[in-house]
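Undergrad: Got query_2.txt for you, compact mmCIF, C-alpha atoms:
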# COMPACT_ATOMS: atom_id res chain seq x y z
CA MET E 1 -51.68 6.92 -38.79
CA ASN E 2 -50.15 9.65 -36.70
CA THR E 3 -49.89 9.75 -32.95
CA HIS E 4 -51.29 13.26 -32.73
CA ILE E 5 -54.07 15.48 -34.01
CA ASP E 6 -53.78 19.19 -34.83
CA PHE E 7 -56.16 21.71 -33.32
CA TYR E 8 -56.28 25.00 -35.28
CA PHE E 9 -58.05 27.98 -33.71
CA ASP E 10 -58.26 31.74 -33.39
CA PHE E 11 -58.74 33.37 -29.98
CA LEU E 12 -61.62 35.44 -31.38
CA SER E 13 -63.70 32.32 -32.02
CA PRO E 14 -66.32 31.29 -29.46
CA TYR E 15 -66.73 27.97 -31.28
CA ALA E 16 -63.01 27.35 -30.60
CA TYR E 17 -63.69 27.84 -26.89
CA LEU E 18 -66.45 25.21 -26.92
CA ALA E 19 -64.30 22.69 -28.78
CA ALA E 20 -61.19 23.41 -26.70
CA THR E 21 -62.99 22.16 -23.60
CA ARG E 22 -63.47 18.73 -25.22
CA ILE E 23 -60.55 18.09 -27.54
CA GLU E 24 -58.01 16.80 -25.01
CA SER E 25 -60.34 14.12 -23.63
CA LEU E 26 -61.44 13.13 -27.12
CA ALA E 27 -57.81 12.76 -28.27
CA GLN E 28 -56.82 10.86 -25.14
CA LYS E 29 -59.68 8.40 -25.68
CA HIS E 30 -58.06 7.45 -28.99
CA GLY E 31 -54.46 7.53 -27.77
CA ARG E 32 -53.51 10.72 -29.55
CA GLU E 33 -51.85 13.94 -28.43
CA VAL E 34 -53.20 17.38 -29.32
CA HIS E 35 -50.92 19.86 -31.04
CA TRP E 36 -52.35 23.36 -30.62
CA HIS E 37 -52.02 25.96 -33.39
CA SER E 38 -53.23 29.53 -33.12
CA PHE E 39 -53.80 31.21 -36.49
CA ARG E 40 -55.36 34.39 -37.85
CA LEU E 41 -58.84 33.52 -39.06
CA GLY E 42 -59.18 36.98 -40.61
CA VAL E 43 -56.23 36.32 -42.90
CA ALA E 44 -57.69 32.99 -44.07
CA VAL E 45 -61.29 34.15 -44.53
CA VAL E 46 -60.96 37.75 -45.62
CA LYS E 47 -57.63 37.89 -47.42
CA PHE E 48 -57.23 34.38 -48.79
CA MET E 49 -60.82 33.32 -49.42
CA GLY E 50 -62.12 36.79 -50.23
CA LEU E 51 -65.15 36.52 -47.93
CA LYS E 52 -66.58 38.90 -45.36
CA PRO E 53 -66.00 38.28 -41.65
CA LEU E 54 -68.70 35.96 -40.29
CA MET E 55 -70.11 38.47 -37.85
CA GLU E 56 -70.50 41.03 -40.62
CA THR E 57 -72.38 38.66 -42.93
CA PRO E 58 -76.15 39.18 -43.00
CA LEU E 59 -78.25 36.20 -41.82
CA LYS E 60 -75.20 34.18 -40.75
CA ASN E 61 -74.50 36.61 -37.96
CA ASP E 62 -77.92 36.00 -36.37
CA TYR E 63 -77.75 32.28 -36.94
CA ILE E 64 -74.38 31.99 -35.27
CA ARG E 65 -75.43 33.86 -32.13
CA ALA E 66 -78.42 31.56 -31.67
CA ASP E 67 -76.40 28.48 -32.59
CA LEU E 68 -73.63 29.22 -30.08
CA LYS E 69 -76.20 29.54 -27.31
CA ARG E 70 -77.78 26.17 -27.98
CA LEU E 71 -74.44 24.38 -28.40
CA ALA E 72 -73.24 25.85 -25.07
CA LYS E 73 -76.47 24.66 -23.46
CA ILE E 74 -76.13 21.13 -24.83
CA MET E 75 -72.44 21.03 -23.87
CA ASP E 76 -73.35 22.43 -20.46
CA LEU E 77 -70.81 25.25 -20.70
CA PRO E 78 -71.11 28.91 -19.69
CA LEU E 79 -70.98 31.40 -22.57
CA ILE E 80 -71.15 35.20 -22.47
CA GLU E 81 -73.36 37.30 -24.71
CA ILE E 82 -71.22 38.22 -27.69
CA GLU E 83 -71.02 41.96 -28.12
CA LYS E 84 -67.68 42.44 -29.74
CA LEU E 85 -64.84 40.15 -30.63
CA PRO E 86 -61.49 40.64 -28.88
CA ASP E 87 -58.39 41.70 -30.78
CA PRO E 88 -56.98 38.25 -31.59
CA ILE E 89 -53.36 39.32 -32.09
CA PRO E 90 -52.10 39.98 -28.53
CA PRO E 91 -53.13 36.54 -27.20
CA ALA E 92 -51.77 34.82 -30.33
CA LEU E 93 -48.40 36.52 -29.84
CA ALA E 94 -48.30 35.51 -26.16
CA PHE E 95 -49.19 31.96 -27.23
CA TYR E 96 -46.22 31.74 -29.59
CA ALA E 97 -43.80 33.46 -27.20
CA ALA E 98 -44.46 30.98 -24.37
CA PRO E 99 -42.85 27.53 -24.15
CA LYS E 100 -44.40 25.07 -26.60
CA ARG E 101 -45.43 22.58 -23.90
CA LEU E 102 -47.73 25.22 -22.38
CA ARG E 103 -49.69 25.95 -25.56
CA GLY E 104 -52.70 23.75 -24.84
CA LYS E 105 -53.05 25.11 -21.33
CA ILE E 106 -52.66 28.70 -22.56
CA ALA E 107 -55.27 28.23 -25.29
CA GLN E 108 -57.80 26.70 -22.91
CA THR E 109 -57.20 29.31 -20.23
CA LEU E 110 -57.53 32.29 -22.56
CA LEU E 111 -60.48 30.96 -24.56
CA THR E 112 -62.34 30.21 -21.32
CA ALA E 113 -61.48 33.60 -19.78
CA GLN E 114 -62.76 35.35 -22.89
CA TRP E 115 -65.86 33.34 -23.74
CA ALA E 116 -67.03 31.96 -20.40
CA LYS E 117 -66.12 34.97 -18.27
CA GLY E 118 -65.98 37.93 -20.64
CA GLN E 119 -62.40 38.93 -19.80
CA ASP E 120 -60.89 40.78 -22.75
CA VAL E 121 -57.90 38.73 -23.93
CA GLY E 122 -57.17 41.37 -26.55
CA LYS E 123 -55.73 43.50 -23.70
CA VAL E 124 -52.11 42.89 -22.76
CA GLU E 125 -52.70 43.62 -19.05
CA THR E 126 -55.44 40.97 -18.93
CA LEU E 127 -53.14 38.48 -20.63
CA LYS E 128 -50.40 39.07 -18.07
CA CYS E 129 -52.85 38.41 -15.25
CA LEU E 130 -54.24 35.26 -16.82
CA LEU E 131 -50.94 33.75 -17.85
CA GLU E 132 -48.84 34.35 -14.74
CA PRO E 133 -50.43 31.37 -12.91
CA LEU E 134 -49.29 29.20 -15.83
CA SER E 135 -45.69 30.37 -15.28
CA VAL E 136 -45.65 32.67 -18.29
CA SER E 137 -44.05 35.82 -16.96
CA PRO E 138 -45.59 39.24 -17.62
CA ASP E 139 -42.29 40.19 -19.26
CA ILE E 140 -42.68 37.49 -21.89
CA VAL E 141 -46.28 38.54 -22.60
CA GLN E 142 -45.20 42.17 -22.90
CA SER E 143 -42.12 41.69 -25.06
CA ALA E 144 -43.99 39.28 -27.39
CA GLN E 145 -46.15 42.18 -28.51
CA ASP E 146 -43.34 44.00 -30.30
CA ASP E 147 -41.00 41.17 -31.13
CA PRO E 148 -40.60 40.79 -34.92
CA ALA E 149 -39.54 37.15 -34.48
CA ILE E 150 -42.79 36.30 -32.64
CA ARG E 151 -44.85 38.17 -35.23
CA ALA E 152 -43.08 36.14 -37.91
CA LEU E 153 -44.00 32.93 -36.05
CA LEU E 154 -47.69 33.90 -36.11
CA ARG E 155 -47.53 34.84 -39.81
CA HIS E 156 -45.79 31.56 -40.59
CA ALA E 157 -48.32 29.54 -38.56
CA THR E 158 -51.19 31.23 -40.40
CA ALA E 159 -49.62 30.53 -43.80
CA GLN E 160 -49.05 26.88 -42.85
CA THR E 161 -52.62 26.59 -41.61
CA ILE E 162 -54.03 27.85 -44.91
CA GLU E 163 -51.64 25.61 -46.83
CA ARG E 164 -53.13 22.65 -45.00
CA GLY E 165 -56.58 23.65 -46.31
CA VAL E 166 -57.88 24.99 -43.00
CA PHE E 167 -60.21 27.99 -43.22
CA GLY E 168 -62.35 27.89 -40.09
CA SER E 169 -61.98 27.99 -36.33
CA PRO E 170 -61.86 25.47 -34.84
CA THR E 171 -60.59 22.89 -37.30
CA VAL E 172 -59.05 19.60 -36.27
CA VAL E 173 -56.76 17.80 -38.68
CA ALA E 174 -56.26 14.08 -38.06
CA ASP E 175 -53.90 12.42 -40.52
CA ASP E 176 -55.04 14.31 -43.64
CA GLU E 177 -58.71 14.60 -42.72
CA LEU E 178 -60.16 18.01 -41.86
CA PHE E 179 -62.93 18.45 -39.30
CA TRP E 180 -64.31 21.97 -39.35
CA GLY E 181 -66.46 23.12 -36.48
CA THR E 182 -67.34 22.25 -32.91
CA ASP E 183 -70.30 20.39 -34.34
CA ARG E 184 -68.02 17.94 -36.14
CA LEU E 185 -66.24 16.55 -33.10
CA TRP E 186 -68.65 13.59 -33.26
CA LEU E 187 -67.30 12.82 -36.75
CA LEU E 188 -63.70 13.08 -35.57
CA ASP E 189 -64.58 10.73 -32.71
CA ARG E 190 -66.10 8.28 -35.16
CA TYR E 191 -63.13 8.55 -37.55
CA LEU E 192 -60.53 7.96 -34.85
CA GLY E 193 -62.63 5.16 -33.36
CA ALA E 194 -62.74 3.37 -36.71
CA GLY E 195 -58.94 3.45 -36.97
CA GLY E 196 -58.85 6.35 -39.41
CA SER E 197 -61.74 5.55 -41.72
CA TYR E 198 -65.49 5.95 -42.13
CA GLU E 199 -68.10 3.25 -41.86
CA PRO E 200 -71.85 3.41 -42.38
CA ALA E 201 -73.54 4.38 -39.11
CA ARG E 202 -75.52 1.56 -37.53
CA GLU E 203 -77.78 3.95 -35.69
CA GLN E 204 -79.47 6.61 -37.80
CA GLN E 205 -77.67 9.58 -36.36
CA PHE E 206 -79.02 11.89 -39.05
CA MET J 207 -95.39 24.18 -31.11
CA ASN J 208 -96.27 23.61 -34.73
CA THR J 209 -97.38 20.38 -36.32
CA HIS J 210 -94.93 20.71 -39.18
CA ILE J 211 -91.32 21.50 -39.98
CA ASP J 212 -90.08 23.42 -43.03
CA PHE J 213 -87.39 21.99 -45.27
CA TYR J 214 -85.65 24.63 -47.42
CA PHE J 215 -83.38 23.48 -50.23
CA ASP J 216 -81.95 24.22 -53.66
CA PHE J 217 -81.77 21.49 -56.30
CA LEU J 218 -78.11 22.32 -56.91
CA SER J 219 -77.15 21.27 -53.39
CA PRO J 220 -75.78 17.76 -52.82
CA TYR J 221 -76.14 18.27 -49.08
CA ALA J 222 -79.88 18.78 -49.69
CA TYR J 223 -79.99 15.38 -51.38
CA LEU J 224 -78.41 13.67 -48.38
CA ALA J 225 -80.80 15.35 -45.92
CA ALA J 226 -83.86 14.81 -48.13
CA THR J 227 -83.44 11.06 -47.77
CA ARG J 228 -83.82 11.33 -43.98
CA ILE J 229 -86.12 14.24 -43.22
CA GLU J 230 -89.49 12.50 -43.66
CA SER J 231 -88.66 9.67 -41.26
CA LEU J 232 -87.17 12.10 -38.78
CA ALA J 233 -90.29 14.30 -38.88
CA GLN J 234 -92.61 11.32 -38.63
CA LYS J 235 -90.76 10.07 -35.54
CA HIS J 236 -91.77 13.30 -33.81
CA GLY J 237 -95.29 13.51 -35.22
CA ARG J 238 -94.60 16.35 -37.61
CA GLU J 239 -95.22 16.88 -41.30
CA VAL J 240 -92.57 18.19 -43.69
CA HIS J 241 -93.34 21.27 -45.78
CA TRP J 242 -90.93 21.39 -48.71
CA HIS J 243 -89.62 24.73 -50.03
CA SER J 244 -87.33 25.11 -53.01
CA PHE J 245 -85.42 28.40 -53.05
CA ARG J 246 -82.56 29.98 -54.99
CA LEU J 247 -79.43 29.59 -52.91
CA GLY J 248 -77.53 31.86 -55.29
CA VAL J 249 -79.88 34.74 -54.54
CA ALA J 250 -79.45 34.28 -50.79
CA VAL J 251 -75.68 33.78 -50.75
CA VAL J 252 -74.45 35.92 -53.63
CA LYS J 253 -77.00 38.73 -53.87
CA PHE J 254 -78.25 39.06 -50.29
CA MET J 255 -75.22 38.03 -48.24
CA GLY J 256 -72.62 39.32 -50.69
CA LEU J 257 -70.54 36.13 -50.63
CA LYS J 258 -69.03 34.04 -53.40
CA PRO J 259 -70.66 30.75 -54.39
CA LEU J 260 -69.36 27.93 -52.20
CA MET J 261 -67.79 25.99 -55.04
CA GLU J 262 -65.87 29.07 -56.16
CA THR J 263 -64.47 29.76 -52.72
CA PRO J 264 -60.84 28.67 -52.26
CA LEU J 265 -60.28 26.01 -49.57
CA LYS J 266 -63.99 25.52 -48.89
CA ASN J 267 -64.46 23.99 -52.31
CA ASP J 268 -61.95 21.19 -51.56
CA TYR J 269 -63.28 20.69 -48.06
CA ILE J 270 -66.83 20.28 -49.26
CA ARG J 271 -65.98 17.68 -51.87
CA ALA J 272 -64.20 15.55 -49.28
CA ASP J 273 -66.89 16.19 -46.68
CA LEU J 274 -69.73 15.12 -48.97
CA LYS J 275 -67.97 11.85 -49.71
CA ARG J 276 -67.57 10.93 -46.08
CA LEU J 277 -71.11 11.94 -45.13
CA ALA J 278 -72.49 9.83 -47.99
CA LYS J 279 -70.38 6.91 -46.79
CA ILE J 280 -71.59 7.24 -43.21
CA MET J 281 -75.20 7.64 -44.37
CA ASP J 282 -74.71 4.68 -46.72
CA LEU J 283 -75.94 6.62 -49.75
CA PRO J 284 -74.63 6.70 -53.32
CA LEU J 285 -73.17 10.03 -54.45
CA ILE J 286 -71.72 10.99 -57.83
CA GLU J 287 -68.44 12.84 -58.30
CA ILE J 288 -69.33 16.50 -58.47
CA GLU J 289 -68.08 18.04 -61.69
CA LYS J 290 -70.54 20.82 -62.30
CA LEU J 291 -73.70 21.92 -60.61
CA PRO J 292 -76.99 21.68 -62.53
CA ASP J 293 -78.95 24.79 -63.49
CA PRO J 294 -81.26 24.97 -60.46
CA ILE J 295 -84.03 27.01 -62.09
CA PRO J 296 -85.81 24.47 -64.36
CA PRO J 297 -86.41 21.93 -61.56
CA ALA J 298 -87.48 24.68 -59.16
CA LEU J 299 -90.05 25.92 -61.69
CA ALA J 300 -91.39 22.40 -62.23
CA PHE J 301 -91.57 21.99 -58.44
CA TYR J 302 -93.76 25.09 -58.06
CA ALA J 303 -95.91 24.29 -61.09
CA ALA J 304 -96.87 20.83 -59.80
CA PRO J 305 -99.60 20.19 -57.23
CA LYS J 306 -98.48 21.11 -53.71
CA ARG J 307 -99.08 17.62 -52.29
CA LEU J 308 -96.43 16.23 -54.68
CA ARG J 309 -93.65 18.58 -53.61
CA GLY J 310 -91.89 16.23 -51.19
CA LYS J 311 -91.89 13.41 -53.67
CA ILE J 312 -90.70 15.68 -56.50
CA ALA J 313 -87.86 17.04 -54.38
CA GLN J 314 -86.69 13.60 -53.33
CA THR J 315 -86.96 12.18 -56.84
CA LEU J 316 -85.04 15.00 -58.52
CA LEU J 317 -82.36 15.34 -55.84
CA THR J 318 -81.72 11.60 -55.97
CA ALA J 319 -81.68 11.53 -59.79
CA GLN J 320 -79.15 14.35 -59.83
CA TRP J 321 -76.86 13.44 -56.98
CA ALA J 322 -77.09 9.67 -56.76
CA LYS J 323 -77.35 8.95 -60.48
CA GLY J 324 -75.88 11.99 -62.23
CA GLN J 325 -78.96 12.78 -64.31
CA ASP J 326 -78.96 16.48 -65.18
CA VAL J 327 -82.11 17.97 -63.62
CA GLY J 328 -81.21 21.32 -65.14
CA LYS J 329 -82.44 19.92 -68.48
CA VAL J 330 -86.17 20.19 -69.18
CA GLU J 331 -86.27 16.89 -71.10
CA THR J 332 -84.76 15.03 -68.14
CA LEU J 333 -87.30 16.65 -65.83
CA LYS J 334 -90.18 15.50 -68.01
CA CYS J 335 -88.88 11.94 -67.92
CA LEU J 336 -88.35 11.93 -64.17
CA LEU J 337 -91.64 13.57 -63.23
CA GLU J 338 -94.07 11.71 -65.47
CA PRO J 339 -94.12 8.65 -63.15
CA LEU J 340 -95.20 11.03 -60.35
CA SER J 341 -98.19 12.14 -62.47
CA VAL J 342 -96.70 15.49 -63.36
CA SER J 343 -97.33 15.80 -67.07
CA PRO J 344 -94.59 16.84 -69.49
CA ASP J 345 -96.83 19.74 -70.50
CA ILE J 346 -96.79 21.16 -66.99
CA VAL J 347 -93.02 20.81 -66.79
CA GLN J 348 -92.62 22.54 -70.15
CA SER J 349 -95.05 25.38 -69.64
CA ALA J 350 -93.66 26.11 -66.14
CA GLN J 351 -90.40 27.18 -67.77
CA ASP J 352 -91.86 30.29 -69.36
CA ASP J 353 -94.78 31.03 -67.09
CA PRO J 354 -94.37 34.44 -65.40
CA ALA J 355 -96.71 33.35 -62.58
CA ILE J 356 -94.51 30.33 -61.74
CA ARG J 357 -91.38 32.46 -61.92
CA ALA J 358 -93.05 34.87 -59.50
CA LEU J 359 -93.79 31.96 -57.14
CA LEU J 360 -90.11 31.01 -57.08
CA ARG J 361 -89.03 34.61 -56.52
CA HIS J 362 -91.55 34.97 -53.73
CA ALA J 363 -90.47 31.67 -52.11
CA THR J 364 -86.84 32.80 -52.21
CA ALA J 365 -87.69 36.17 -50.65
CA GLN J 366 -89.70 34.45 -47.90
CA THR J 367 -86.86 32.00 -47.27
CA ILE J 368 -84.36 34.82 -46.78
CA GLU J 369 -86.83 36.71 -44.61
CA ARG J 370 -86.97 33.72 -42.33
CA GLY J 371 -83.19 33.96 -41.87
CA VAL J 372 -82.35 30.94 -44.02
CA PHE J 373 -79.13 31.20 -46.06
CA GLY J 374 -77.99 27.63 -46.66
CA SER J 375 -79.20 24.42 -48.27
CA PRO J 376 -80.55 22.41 -46.65
CA THR J 377 -82.00 24.31 -43.71
CA VAL J 378 -84.81 22.97 -41.56
CA VAL J 379 -86.93 25.40 -39.57
CA ALA J 380 -88.84 23.93 -36.64
CA ASP J 381 -90.96 26.46 -34.77
CA ASP J 382 -88.51 29.40 -34.95
CA GLU J 383 -85.33 27.37 -34.70
CA LEU J 384 -83.03 27.08 -37.70
CA PHE J 385 -80.97 23.97 -38.41
CA TRP J 386 -78.48 24.56 -41.20
CA GLY J 387 -76.82 21.58 -42.80
CA THR J 388 -77.20 17.85 -43.20
CA ASP J 389 -74.82 17.52 -40.27
CA ARG J 390 -77.32 19.21 -37.95
CA LEU J 391 -80.16 16.73 -38.33
CA TRP J 392 -78.99 15.16 -35.04
CA LEU J 393 -79.62 18.51 -33.33
CA LEU J 394 -83.08 18.81 -34.90
CA ASP J 395 -83.81 15.27 -33.70
CA ARG J 396 -82.71 16.20 -30.20
CA TYR J 397 -84.70 19.45 -30.26
CA LEU J 398 -87.92 17.80 -31.40
CA GLY J 399 -87.38 14.92 -28.98
CA ALA J 400 -87.09 17.33 -26.05
CA GLY J 401 -90.42 18.92 -26.97
CA GLY J 402 -88.90 21.98 -28.62
CA SER J 403 -86.01 22.78 -26.30
CA TYR J 404 -82.37 21.96 -25.58
CA GLU J 405 -81.05 20.02 -22.64
CA PRO J 406 -77.48 19.22 -21.68
CA ALA J 407 -76.40 16.00 -23.38
CA ARG J 408 -76.04 13.05 -21.04
CA GLU J 409 -73.59 11.33 -23.29
CA GLN J 410 -70.60 13.41 -24.42
CA GLN J 411 -71.51 13.63 -28.07
CA PHE J 412 -68.83 16.21 -28.78
Written as structure tokens, how would this file's structure read?
TA:
Amino acid sequence: MNTHIDFYFDFLSPYAYLAATRIESLAQKHGREVHWHSFRLGVAVVKFMGLKPLMETPLKNDYIRADLKRLAKIMDLPLIEIEKLPDPIPPALAFYAAPKRLRGKIAQTLLTAQWAKGQDVGKVETLKCLLEPLSVSPDIVQSAQDDPAIRALLRHATAQTIERGVFGSPTVVADDELFWGTDRLWLLDRYLGAGGSYEPAREQQF
Amino acid sequence: MNTHIDFYFDFLSPYAYLAATRIESLAQKHGREVHWHSFRLGVAVVKFMGLKPLMETPLKNDYIRADLKRLAKIMDLPLIEIEKLPDPIPPALAFYAAPKRLRGKIAQTLLTAQWAKGQDVGKVETLKCLLEPLSVSPDIVQSAQDDPAIRALLRHATAQTIERGVFGSPTVVADDELFWGTDRLWLLDRYLGAGGSYEPAREQQF
């Protein structure tokens, strides 16, 4: 058993926002740390898996809009109407340019700004504003955008994410178990609570 | 509010098997009947949505195999190793040829035979064997296979399923709410329990 769990997400994912509000307390309950990883969902889904983006897929598009609303309601979280997805690259570059210890805080701040408040985290000026209170200077946010080394970090993180078998946002990996989706945090909770295994449910949860 | 819920499934779906074992008791708990609908998942996913079949999609394929195993373990149900999917058309034709009141029982019997015991429900001889104890005669099973009227019923059912916004197996529709996946039966339970609405969860389920 490891002492951490890995949280993989893309800033364009409203499901990642919902899960990001819960993951730290869930991990803490089981004595684990969260390692935060931003990756490019589009590369995994469109390029690697050969599928269409979710929001451009007939039927699924409608389902997901309705599903996000009810999950937000049950989780008692604000959620904006989804009109368009933000450009996920600028926030991901800022994320990898900032000190590693700030990653969780940066992820939570940006996902909440985007999906609870409708601030466009795809815009560099918005990022500067949102990250300065976390002690990430506007200079770092700006220079990250054109820094080949930071771009390489994001590419590398995305390749590593796919290599681990992750293809959705959010996905939590605990030991070698994958938990895809905000709606699987209950299973992660159960897995960690059982010391890294699965047992038949006493109550009929299903 | 309706007095029933609709259960949409394809015989080739192991997730449908898992959910089929629970849906009648869940519906009964909330005073609803289950209407069973077999549809062709391949038509919805491949033709209508333009996606690849799940088991041919990189990454998702591996995830699903592991995920089915752990769900079966938690639900305390037997599940075979999945090598190849059965031809879903013969059982679907038998399903629509049999009397309507037998549909739930037929679905549960065939899904269990396939996914708990590894009997190939894509084979007409196996179907005859499995359905005779339910008072569906071998003649009906056989003649359904080449009957244009039964084929039209299946086509029509599939078209109606897609029209309702359903694209996955299993999906339950209650009133106008869609619940996609075995792992969403808890949400259906919560929805029906709250009289057809969503309320913030008291316990932190996520």
Undergrad: Could you please give me, as a list in words, the residues of protein, DNA or RNA lying at most 10 Å from (-52.1, 11.5, -31.7) in the coordinate frame of the file, considering all atoms listed in the file?
TA: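 Taken together, the residues in range are Met1, Asn2, Thr3, His4, Ile5, Asp6, Ala27, Gln28, His30, Gly31, Arg32, Glu33, Val34, His35, Ala174, Asp175 and Leu192 of chain E.
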Undergrad: So which residues fall inside 12 Å of (-66.4, 25.4, -28.4) if we count only C-alpha atoms? Mind giving them as a PyMOL selection string?
TA: (chain E and resi 7+9-23+67-79+107-108+111-112+114-116+169-171+180-185) or (chain J and resi 412)
Undergrad: To one decimal place, how far is CA of Ile288 (chain J) from CA of Glu177 (chain E) in Å?
TA: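 Distance reported for this atom pair: 19.1 Å.
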Undergrad: Kindly give the distance, in Å, that separates CA of Lys128 (chain E) and CA of Pro148 (chain E), rounded to a single decimal.
TA: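 Distance reported for this atom pair: 19.6 Å.
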Undergrad: For Val173 (chain E), which residue out of J:Tyr269, J:Tyr214, J:Trp242, J:Gln351 is the nearest one, using only C-alpha atoms?
TA: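 Closest residue, counting only C-alpha atoms: J:Tyr269.
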Undergrad: Could you check which of J:Val378, J:Ile368, J:Ala363, J:Met261 is closest to chain E, using all atoms listed in the file?
TA: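 Using all atoms listed in the file, chain E sits closest to J:Ile368.
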Undergrad: Point out the residue among E:Gly195, E:Pro91, E:Gly165, E:Pro99 with the least atom-to-atom distance to chain J, counting all atoms listed in the file.
TA: E:Gly165
Undergrad: For region 369-386 of chain J, I'd like the enclosing box, axis-aligned and padded by 4 Å on every side, reported as AutoDock Vina command-line options with centre and edge lengths in Å to one decimal.
TA:
--center_x -84.5 --center_y 29.6 --center_z -41.5 --size_x 21.0 --size_y 22.3 --size_z 21.6
Undergrad: With all atoms listed in the file as the atoms that count, which of J:Pro344, J:Pro294, J:Pro259, J:Pro264 lies nearest to chain E?
TA: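 Among the listed residues, the smallest separation from chain E belongs to J:Pro264.
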Undergrad: Expressed in Å to a single decimal, how great is the separation between CA of Ala98 (chain E) and CA of Arg40 (chain E)?
TA: 17.7 Å
Undergrad: Considering all atoms listed in the file, can you say which of J:Gly248, J:Leu265, J:Lys253, J:Ala303 comes closest to chain E?
TA: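 Checking each of J:Gly248, J:Leu265, J:Lys253, J:Ala303 against chain E, counting all atoms listed in the file, the winner is J:Leu265.
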Undergrad: Please identify all polymer residues within 12 Å of Gln366 (chain J), counting only C-alpha atoms, omitting same-chain residues fewer than 6 positions from it, and present them as JSON, numbers by chain.
TA: {"J": [214, 243, 244, 245, 246, 249, 250, 359, 360, 372, 373]}
Undergrad: Could you check the closest approach to Ala159 (chain E) for each of E:Leu41, E:Ala201, E:Lys117, E:Lys52 and tell me which residue wins, using only C-alpha atoms?
TA: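 Of the candidates, the smallest distance to Ala159 (chain E) is held by E:Leu41.
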